[in-house]
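Structure, as structure tokens:
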Amino acid sequence: MDVPARDSPSEEVSISSFHSEYPPDDTWKDEETGDDGTRAETFREDPAQPTDAAELSLELDATNCADNDDDLGEDGGHSGKKSYAETARMFKLRRNLDQLDCFHRQKEHNVLKAREELKVCRLHISELERQRARVEEEIEQQKEDDNSAHLFSCSAAVFRLRAQHKRLCQELQQEEELESHVATTLREHELEMCQVEVEMGRFSLLRVEVQEEEQAYQALQAQRGEARLQKEYTSTQSLQLQTQCLKARQAATQKEEETDYQRTTELAQASRQKAALYLKETINRMHREEAENEQQSRGLRQKRMQAVLSLKANIACTQESLRAQQTRARAQAWRQEEEERQLRESLQTQGINSTKYMYQQKKLQEFHRKKEEFQEKQKSKRVEIVSKLLLEEELLERRKRHHALLFPPTQRLERLAGQERSPEKLLQSLDPQPAKTKEEERKRDTVFSDSSSSSELSDQEESRDLEEEQGLTDSLAQPEFTGLWDQTRQVHQSTPNEDAKSLQTRAERRDMSLLPVGKPPVAGKRVIQGKEFKGSPFISKPEIILFKDFDVGQVYKKKVTLTNVSYTTNYCKLLGVTMDLMDFISISFEPPGPISAGMACDMQVIFQPMMNKDLKGEVQFVSAAGPFSVPIRCTIKKCDLSVDIDLIVFGTHVVGQTISRAITLTNKGALGTCFTLVSSPCPSLAQSQLQAQAHALSEASSASTELSQERSTSIAAASDSQESPASRDSGELKSERKSQEPLLVSDSKQSGAQTPAVSETLGGVEAASGRRSLASEQQEGGPALKASTEEPSDSSSDITIGEVREGEVGPFESVKLEIVFTPTVPGEAKLDFHIKFSDPTCEPISIGVRGMAVCVPVWVAQPSIVLKICMFDRLYQDSIVVQSRASTALRLTFKVCPELRNHMEILPKTGYIQARSSFNAKLKFLPRRSLFEDAKKFFDSETGVLEVPLTVQVADQVRPVPFTVHAVITSSDLCFDRTEVDFGHCSIYESVKTSVHLTNLTLLPQDFGFLSIPQFVQVQPNDGFGTLLPLETLEVDLIFSAKKAGEYSFQLNCKSGINRDFPLSCRAVGVHPPLELSHSLVQFGATAVGDCSTAVLHVVNAHTSLNEFTHPVPRIGRDPVAPVGPRLFAFTPPENSEISLTPRTGKVLPGQRCLVQVTFRPRLCDQAIREEAVRLLCRSEELRLHELERVTKAEGNRKGGEQEGLCKREAPTAPQKGKKPPPTRPQAKQALKEKISKVSISPKTDSPFRAPNPADIQSGSEEYAVGRASLLHSFPEHYSRYVIPCFVSDGEPPQSDPQAQPSCSSPLNTLYLELHCPAVRPPLVVASSNGQTTINYHQVAVGQKVVKKLTVQNISQESLELRSSVLDLSGPFSLLNALRRLGPGATHTLLLAFTPALGKRYRETVEIHSPNMTMEITLCGVGVDPLLTSSHQGGLMDFGYMLEKERASQVFKLQNTSSLAVRFSVLLHSLSLGCKALSGADAFPALLSPGPEEQTHSTVGTQNYSGQSVFNVTPIEGTIAPGKSQDITVTFLPDHESLHYSDILKVELMNKSTVCVMVLKGAARSHIMYLCGGDPLAVPTDAVHPLPASGDSEHTVDCEKPPLPVLLTLRGVYREGAMSPAVRELEVGCICSTQPMAKKNVEFSWEGLQALQQRGFTVEPTRGTVDAGHRRTITVIWTPPCGLKPNEVVQVCAPLTLRGDETEVYSVTLLALASRASQDPSHTN
């Protein structure tokens, strides 16, 4: 337990030296009030008082003498007004006189107290003397008694009296010593009191003088107060007059402002009407542009929608085909599995190892499949080799024919060369040509198929074969040396032979048709008529077909003339145009046939542009002399901009002049553009590069758009097996674009990033659109880039731009731009301008401007004087340095504007500056408060910035030298947010803190400090000292701690660093509450969540006396003292907090104290737990979606791999006639990628998860428990502080309710308890039951045992030693297992059992102790008495008579009236272990039992011969729900005839309590008739006879049965001389049987009735019939005959015959006896 924040007042009292002078009398007691006290409490107001009266008198003398001397010295100068020394002397004398009076009272009190003690001591002495005399008399009397009696019996009494007498003597001696001591003390006190009275008499005159001075001082104070009030009234009147004047000025100002506002409003309305017309036109134009843009965007969206719909249809078709393939594959796999399963079953039935067999079969099939594949490959290879050999032979023969025609002499050499190279060709032909090469050839054939006829296909094939053969020939290796055959060939070629040449020419003409289209032949040297021809065989006019400045949508035509420039007649054949021009260029050309040398033919070129882009290409021809081409160039409209001059040099000029130059901007292109002339410090190279990149990107995006359209067209044609040429060109274009644009790769990746599958499928449409959007963004961001590169405003530079800054330059136009040079600062001026254009293809044009400026001879060295930040009313100085480059002295005059003459001064105002020297002037600046009014145009009141332009006037110089003074003016004020602080009422046991805000209104930091602070006030932070930054507001805490009850009024003074004072008035009221707390501050230790910490404190009522002079009394300020009496208190902790107090309310009597227990239980916030649960749910759902996405992606990749593998396994079949060939491997891969991409862009599975509301999380749910566990594992340490008020009543509580809460309590007497509560993470948590620490067993039946488990986990990093508290040994709860040491992260399960013994509620707490916390586990349960009622109340359950081997059943009901399910069991005594030994044949019947006690407990009767139980119960056990019932069926099933079947049935509950006990009885007959009602005669024969043999039954049938004896006893009674008859009854019954019987009823009859009547017996009826299932009662009445003696027995026997299915005769013996009524027989009937 920590100590309170402030010590109690008794601890603060200092004991003066006066106490050490009188140590014996340290305590005293007030006789009137009865209060005890000390001198320390009496003199606690002034700890520095004198030690005794002598010292005090000396001090009075010294003070009086000194004051008299002062009065004598100052009498002449201060006659009318008292000085400060006189006032101080008066107060000092009054204090000393008061202390002297206090001494006198104290000494008087000591004398009275000593006298009282002496009086008490003397009374005690007299009492002891009387007791001693009485004891002496008793001793004498006892001795006399001893003398009269025997001696030994009285000695003990004498010894006891002597011991008592000795003790009294000792006490009397002590009291006499005490009396002498007290008398001495009394004399000392009286002497001291006399001395004090003497001293008081000495200063009686001084006392009178002090009283007179006090009265005069009070009168003077009254006069001063009246004068102060008069002065305040006068100042109030003046303030009211000032306020009225101010209001009048404000009204005038407001009226002027209203007039200005009205005028401004009229002007604004007029300008708005003018602008409305222009605004309307602008809005209409914007609406038209928006409508056009909307129309274009709508068309674009429609196109995109159509593309998306077509793509969706293709995706759906692909998905459908994939599903069909998957279905077929699954069906095939199922069939294979079914066949394998059947085969495996058949093998298992044959006893063969199916696994091994199947594995061998699979290996064998794999071997055969590989063998067949190898054979097929061999066959295909052989076929290819043979076909190539045949083709090679054909090619050799064809080559021989051609060479025979062209080169007859060299035929032998070529044959030899062909023979030498044939093995190599054969080896090469064995390797099949790659599919890619054939595909490329097929594509080339397709491209140029428009300009060829179908009849030339065979020629093309032959020419291709020739090319292959020529390629083989050209690739032959050259010999190391030259042979004779080479020389012979050279000689032959050098010899002119006209026939051979003409033959060669004819062969060339004939074979012109054999030239391949698309791959012109490579001709060597062309020698015609002895001249070697070089160059193109045809020339075109024009040489380049140029379409310049074309417009999209127009059609352009040009005529081209082709002239044969070869030396011979030539042919000209059109092959086509290049790929880039196929969609835009069409050629109209008719082959002219043979063209002689110098002749020409015409051709028309038609150009229809579809996109705005430069195009290049050529028209390809082939001739007999070789191929040639005509280039085509198509250029769009472009801007060609230039300037006439790029560097302007103004030369040297004087400051102040203005020079202008003009530049001409010329557009030589056919496209206009907008221009902007901006200035920049340096050429913007980075911007030009960025524009160039943007232009390149726009061109690439337009090209990619076209290519994407072409690829989308190719994707739509799914049946097309040939690869589009555009795809190859697009790949080339992409590679070119990548090489040309390395700087934009990252941007294009970010803007157009797509998945690989999608990008391949869509042909880069999305990527291209992303790149287009990036280019547009860069174009739109161009102005921003321009603005960022522009230089500052034109006013800050000497070189400016003229009126024309921007505009539009049209096609083939020019614009003049003006540059102006106005030097203001001497020196060289440099500036670069850039002409920027809106066309992104045009690069900015840089223009450099240079100029030189010289100034006047006199200047200010520092043209801008900065005084920084200045405060009002403070002087600031600086120097002004003026420089001169002139060769003569000049006169200077400093001029200050008239507005600032009261604030600024320059000394000297006039001076002379020498040649080539400097002049210093002093600038003085003293800003006053009127600066804003004096210099409004130079001073900004909001920002405080002062900018004053000053000039230096130089003689004989027209232009003055300007300079500027800059300063920021600020005040030096520190401001409190309030002028007065009221602390209110403060208890002496507490401190009141209030905060004030101290603001620094200046722009400079200021130091501050609170000086002369009273002792009862604290200023924080830093004890009231600190530094305030500019415009900073600091929160200052003022802490007031009252030392005693009273009113406080004081002033705090805050002094700034420049010695300015800022006062703050404060007031407070000190309160002394009637109660106090033993501790006002409680600091708990670190407490884990789930644990609790407890602290104990006391509420003390120390107010026992109203004497304010002896000790501090409770009061509020200067109010009356609170009455003495009991007080009520009430603590009010915050609701739903972690703090609890016990008791919260109570009553404390005077001088007593009440114990209060404070408990801190940290816990988790319910809202935080719910929010954590929601967060965990969202996180788990996010992880689930990520996992699902990963699985889906993996599944898509797997399916893509399967499809690709499937395509690889499909072997290409040979194309049939009339059908297109199947796609080759590259096309199949492309189609597969398209399918995969279509599948990959299908919509993913959508998640319907919605984050739940935290309020929907139930407190007992699993989500709530998971959130709580998560918070516990990550619980951060936190520190809480609570301040709990304790309200105290003003007076005694009402008599009706002494414990009532203090409703009439004063808030001023409120006590406060401060609690510091640190909470930490628990090392031990509950891991089961959703983290609940309460185990509720709910309702449990009494006697039942229920066990529940509780798992605890160690979540700390250290091992924990666990131990538990001891449960109530006689209680229902128990801990079944022991605790053990838990390591970090380990768990332990506790087994807690609940076994209630009584039907009531139980609750107990078990504590699990660990080193750092104690976990409390609450065990609760309800013991319930199981209430089960039976419809049968118990007793006898008689089944009556029935035939043997038949059954009868009876049902009784068990009803559960308790509130829980009850388990029951039905027990038969015959089936229990304890009774089986006595049952059956070994059991003794009732007649053989020794006594009647054992007869009453007879349980089991006759049993069945078969061993089965006679009575069967269903069900024998079960559970009955609350409020439900259960039917119990008891069945009687005898297997032989007996009249003594019996058993006991008992219903027990699970706690072994008995519900009911029933006796089961029944009788079995072999015939349908029976007789009952007689007295028992003998032991039942079936109970003692053994089981009948099989032959006994036959023997009993043959012999005649003897009559069955029946005894009937009747007793008559004599009453009052008369005999009352006796009555007995017999019953004859007939058993109702389901068996077929010859006779269904029973007849009975009596015989010998006369003998019965003679004896007084009467039988009614004598005969009769009994139906099946009924009984007939026979009544026997005995009337004693006359003359019968008492107690005489009458006996008579009569036969009774029963006739049913058989006849039975009963011999009924009637015994009668008459007795008197006094005998009170047990059986009266």
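We label chains A, B, ... in the order they appear in the structure tokens, count residues from 1 in each chain, and number ligands from 1 in the order shown.
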### Query
So which residues touch Leu1549 (chain A) within 12 Å, counting only C-alpha atoms, skipping near sequence neighbours fewer than 6 positions away, as number ranges by chain?
A: 1341-1344, 1425-1429, 1454, 1456, 1461-1467, 1516-1520, 1555-1556
Keeping N, CA and C atoms, export the residues of the selection given above as a PDB file, in the first residue's frame.
```pdb
ATOM      1  N   ALA A1341     -28.962 -33.932 -10.671  1.00  0.00           N
ATOM      2  CA  ALA A1341     -29.755 -34.642  -9.674  1.00  0.00           C
ATOM      3  C   ALA A1341     -28.921 -34.887  -8.414  1.00  0.00           C
ATOM      4  N   VAL A1342     -29.602 -34.873  -7.304  1.00  0.00           N
ATOM      5  CA  VAL A1342     -28.939 -35.102  -6.021  1.00  0.00           C
ATOM      6  C   VAL A1342     -28.360 -36.505  -6.016  1.00  0.00           C
ATOM      7  N   GLY A1343     -27.073 -36.576  -5.665  1.00  0.00           N
ATOM      8  CA  GLY A1343     -26.383 -37.857  -5.643  1.00  0.00           C
ATOM      9  C   GLY A1343     -25.684 -38.201  -6.932  1.00  0.00           C
ATOM     10  N   GLN A1344     -25.984 -37.507  -8.007  1.00  0.00           N
ATOM     11  CA  GLN A1344     -25.330 -37.777  -9.289  1.00  0.00           C
ATOM     12  C   GLN A1344     -24.012 -37.032  -9.367  1.00  0.00           C
ATOM     13  N   ASP A1425     -33.648 -32.267  -6.577  1.00  0.00           N
ATOM     14  CA  ASP A1425     -34.207 -33.541  -6.134  1.00  0.00           C
ATOM     15  C   ASP A1425     -35.060 -34.125  -7.245  1.00  0.00           C
ATOM     16  N   PRO A1426     -34.734 -35.334  -7.712  1.00  0.00           N
ATOM     17  CA  PRO A1426     -35.548 -35.934  -8.783  1.00  0.00           C
ATOM     18  C   PRO A1426     -36.915 -36.331  -8.233  1.00  0.00           C
ATOM     19  N   LEU A1427     -37.952 -35.756  -8.764  1.00  0.00           N
ATOM     20  CA  LEU A1427     -39.323 -36.008  -8.325  1.00  0.00           C
ATOM     21  C   LEU A1427     -40.010 -36.867  -9.371  1.00  0.00           C
ATOM     22  N   LEU A1428     -40.238 -38.138  -8.990  1.00  0.00           N
ATOM     23  CA  LEU A1428     -40.896 -39.096  -9.883  1.00  0.00           C
ATOM     24  C   LEU A1428     -42.084 -39.684  -9.130  1.00  0.00           C
ATOM     25  N   THR A1429     -43.270 -39.551  -9.686  1.00  0.00           N
ATOM     26  CA  THR A1429     -44.499 -40.053  -9.051  1.00  0.00           C
ATOM     27  C   THR A1429     -45.020 -41.236  -9.840  1.00  0.00           C
ATOM     28  N   LEU A1454     -45.240 -43.742 -14.605  1.00  0.00           N
ATOM     29  CA  LEU A1454     -44.266 -42.926 -13.856  1.00  0.00           C
ATOM     30  C   LEU A1454     -44.252 -41.537 -14.467  1.00  0.00           C
ATOM     31  N   ASN A1456     -42.612 -37.644 -14.392  1.00  0.00           N
ATOM     32  CA  ASN A1456     -41.479 -36.824 -13.961  1.00  0.00           C
ATOM     33  C   ASN A1456     -41.967 -35.399 -13.743  1.00  0.00           C
ATOM     34  N   ALA A1461     -34.130 -34.281 -16.542  1.00  0.00           N
ATOM     35  CA  ALA A1461     -34.394 -35.659 -16.917  1.00  0.00           C
ATOM     36  C   ALA A1461     -33.950 -36.603 -15.798  1.00  0.00           C
ATOM     37  N   VAL A1462     -34.796 -37.598 -15.532  1.00  0.00           N
ATOM     38  CA  VAL A1462     -34.569 -38.536 -14.428  1.00  0.00           C
ATOM     39  C   VAL A1462     -34.416 -39.930 -15.014  1.00  0.00           C
ATOM     40  N   ARG A1463     -33.370 -40.616 -14.538  1.00  0.00           N
ATOM     41  CA  ARG A1463     -33.135 -41.984 -14.966  1.00  0.00           C
ATOM     42  C   ARG A1463     -33.616 -42.923 -13.854  1.00  0.00           C
ATOM     43  N   PHE A1464     -34.352 -43.939 -14.260  1.00  0.00           N
ATOM     44  CA  PHE A1464     -34.948 -44.864 -13.288  1.00  0.00           C
ATOM     45  C   PHE A1464     -34.587 -46.294 -13.690  1.00  0.00           C
ATOM     46  N   SER A1465     -34.809 -47.180 -12.727  1.00  0.00           N
ATOM     47  CA  SER A1465     -34.632 -48.610 -12.973  1.00  0.00           C
ATOM     48  C   SER A1465     -35.667 -49.354 -12.136  1.00  0.00           C
ATOM     49  N   VAL A1466     -36.203 -50.441 -12.700  1.00  0.00           N
ATOM     50  CA  VAL A1466     -37.227 -51.257 -12.050  1.00  0.00           C
ATOM     51  C   VAL A1466     -36.581 -52.578 -11.628  1.00  0.00           C
ATOM     52  N   LEU A1467     -36.642 -52.908 -10.351  1.00  0.00           N
ATOM     53  CA  LEU A1467     -36.002 -54.091  -9.799  1.00  0.00           C
ATOM     54  C   LEU A1467     -37.055 -55.056  -9.277  1.00  0.00           C
ATOM     55  N   ILE A1516     -37.249 -52.116 -18.064  1.00  0.00           N
ATOM     56  CA  ILE A1516     -36.655 -52.256 -16.737  1.00  0.00           C
ATOM     57  C   ILE A1516     -35.857 -51.004 -16.332  1.00  0.00           C
ATOM     58  N   GLU A1517     -35.522 -50.120 -17.302  1.00  0.00           N
ATOM     59  CA  GLU A1517     -34.821 -48.873 -17.002  1.00  0.00           C
ATOM     60  C   GLU A1517     -35.062 -47.895 -18.133  1.00  0.00           C
ATOM     61  N   GLY A1518     -34.749 -46.657 -17.868  1.00  0.00           N
ATOM     62  CA  GLY A1518     -34.945 -45.632 -18.880  1.00  0.00           C
ATOM     63  C   GLY A1518     -34.777 -44.243 -18.274  1.00  0.00           C
ATOM     64  N   THR A1519     -34.988 -43.240 -19.123  1.00  0.00           N
ATOM     65  CA  THR A1519     -34.868 -41.833 -18.732  1.00  0.00           C
ATOM     66  C   THR A1519     -36.144 -41.119 -19.126  1.00  0.00           C
ATOM     67  N   ILE A1520     -36.662 -40.332 -18.206  1.00  0.00           N
ATOM     68  CA  ILE A1520     -37.907 -39.605 -18.423  1.00  0.00           C
ATOM     69  C   ILE A1520     -37.557 -38.124 -18.470  1.00  0.00           C
ATOM     70  N   VAL A1555     -38.833 -44.909  -5.408  1.00  0.00           N
ATOM     71  CA  VAL A1555     -40.061 -44.196  -5.764  1.00  0.00           C
ATOM     72  C   VAL A1555     -41.266 -44.923  -5.174  1.00  0.00           C
ATOM     73  N   CYS A1556     -41.352 -46.204  -5.395  1.00  0.00           N
ATOM     74  CA  CYS A1556     -42.474 -46.970  -4.872  1.00  0.00           C
ATOM     75  C   CYS A1556     -42.073 -48.445  -4.794  1.00  0.00           C
TER      76      CYS A1556
END
```
### Query
Can you tell me, as a PyMOL selection string, what residues are no more than 12 Å from Leu546 (chain A) when counting only C-alpha atoms, ignoring any on the same chain fewer than 2 positions away?
chain A and resi 541-544+548-550+556-560+605-607+614-618+630-636
I'd like the contact shell of His1278 (chain A) - 7 Å cut-off, only C-alpha atoms, skipping same-chain residues fewer than 5 positions apart - returned as a short mmCIF file (atom, residue, chain, number, x, y, z; two decimals) with C-alpha atoms, in the first residue's frame.
```cif
data_model
loop_
_atom_site.label_atom_id
_atom_site.label_comp_id
_atom_site.auth_asym_id
_atom_site.auth_seq_id
_atom_site.Cartn_x
_atom_site.Cartn_y
_atom_site.Cartn_z
CA PRO A 1318 -1.08 -1.12 -14.63
CA ALA A 1319 -2.41 -4.09 -16.63
CA VAL A 1320 -0.23 -6.74 -18.32
#
```
### Task
List the neighbours of Leu875 (chain A) out to 9 Å using only C-alpha atoms; skip same-chain residues closer than 2 positions along the sequence, and give me the result as a list of chain:residue names.
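These residues fall inside the cut-off: A:Cys870, A:Met871, A:Phe872, A:Asp873, A:Gln877, A:Lys924, A:Phe925, A:Leu926, A:Pro927.
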Could you give me, as a Markdown table, every region 549-658 of chain A residue with an atom at most 9 Å from region 669-683 of chain A, plus its closest atom pair and distance in Å to one decimal, counting only C-alpha atoms, rows ordered by chain then number?
```
| residue | atom | partner | partner_atom | distance |
| --- | --- | --- | --- | --- |
| A:Asp549 | CA | A:Ala670 | CA | 6.8 |
| A:Ile636 | CA | A:Ala670 | CA | 9.0 |
| A:Lys637 | CA | A:Ala670 | CA | 5.4 |
| A:Lys638 | CA | A:Leu671 | CA | 5.1 |
| A:Cys639 | CA | A:Gly669 | CA | 4.4 |
| A:Asp640 | CA | A:Gly669 | CA | 4.5 |
| A:Leu641 | CA | A:Gly669 | CA | 7.3 |
```
Selection export as a compact mmCIF listing (two decimals), in the first residue's frame, atoms kept: N, CA and C atoms:
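Written file, again-v7.txt:
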```
# COMPACT_ATOMS: atom_id res chain seq x y z
N ASP A 549 1.55 15.08 -98.50
CA ASP A 549 0.49 15.81 -97.79
C ASP A 549 -0.90 15.27 -98.13
N ILE A 636 2.35 12.28 -94.77
CA ILE A 636 1.18 13.00 -94.27
C ILE A 636 1.51 14.48 -94.19
N LYS A 637 0.48 15.26 -93.83
CA LYS A 637 0.71 16.68 -93.64
C LYS A 637 1.50 16.89 -92.36
N LYS A 638 2.54 17.68 -92.44
CA LYS A 638 3.42 17.92 -91.32
C LYS A 638 3.74 19.40 -91.21
N CYS A 639 4.25 19.73 -90.05
CA CYS A 639 4.69 21.10 -89.80
C CYS A 639 6.20 21.18 -90.00
N ASP A 640 6.63 22.18 -90.78
CA ASP A 640 8.06 22.41 -90.99
C ASP A 640 8.36 23.83 -90.53
N LEU A 641 8.78 23.96 -89.31
CA LEU A 641 8.92 25.26 -88.66
C LEU A 641 10.39 25.63 -88.55
```
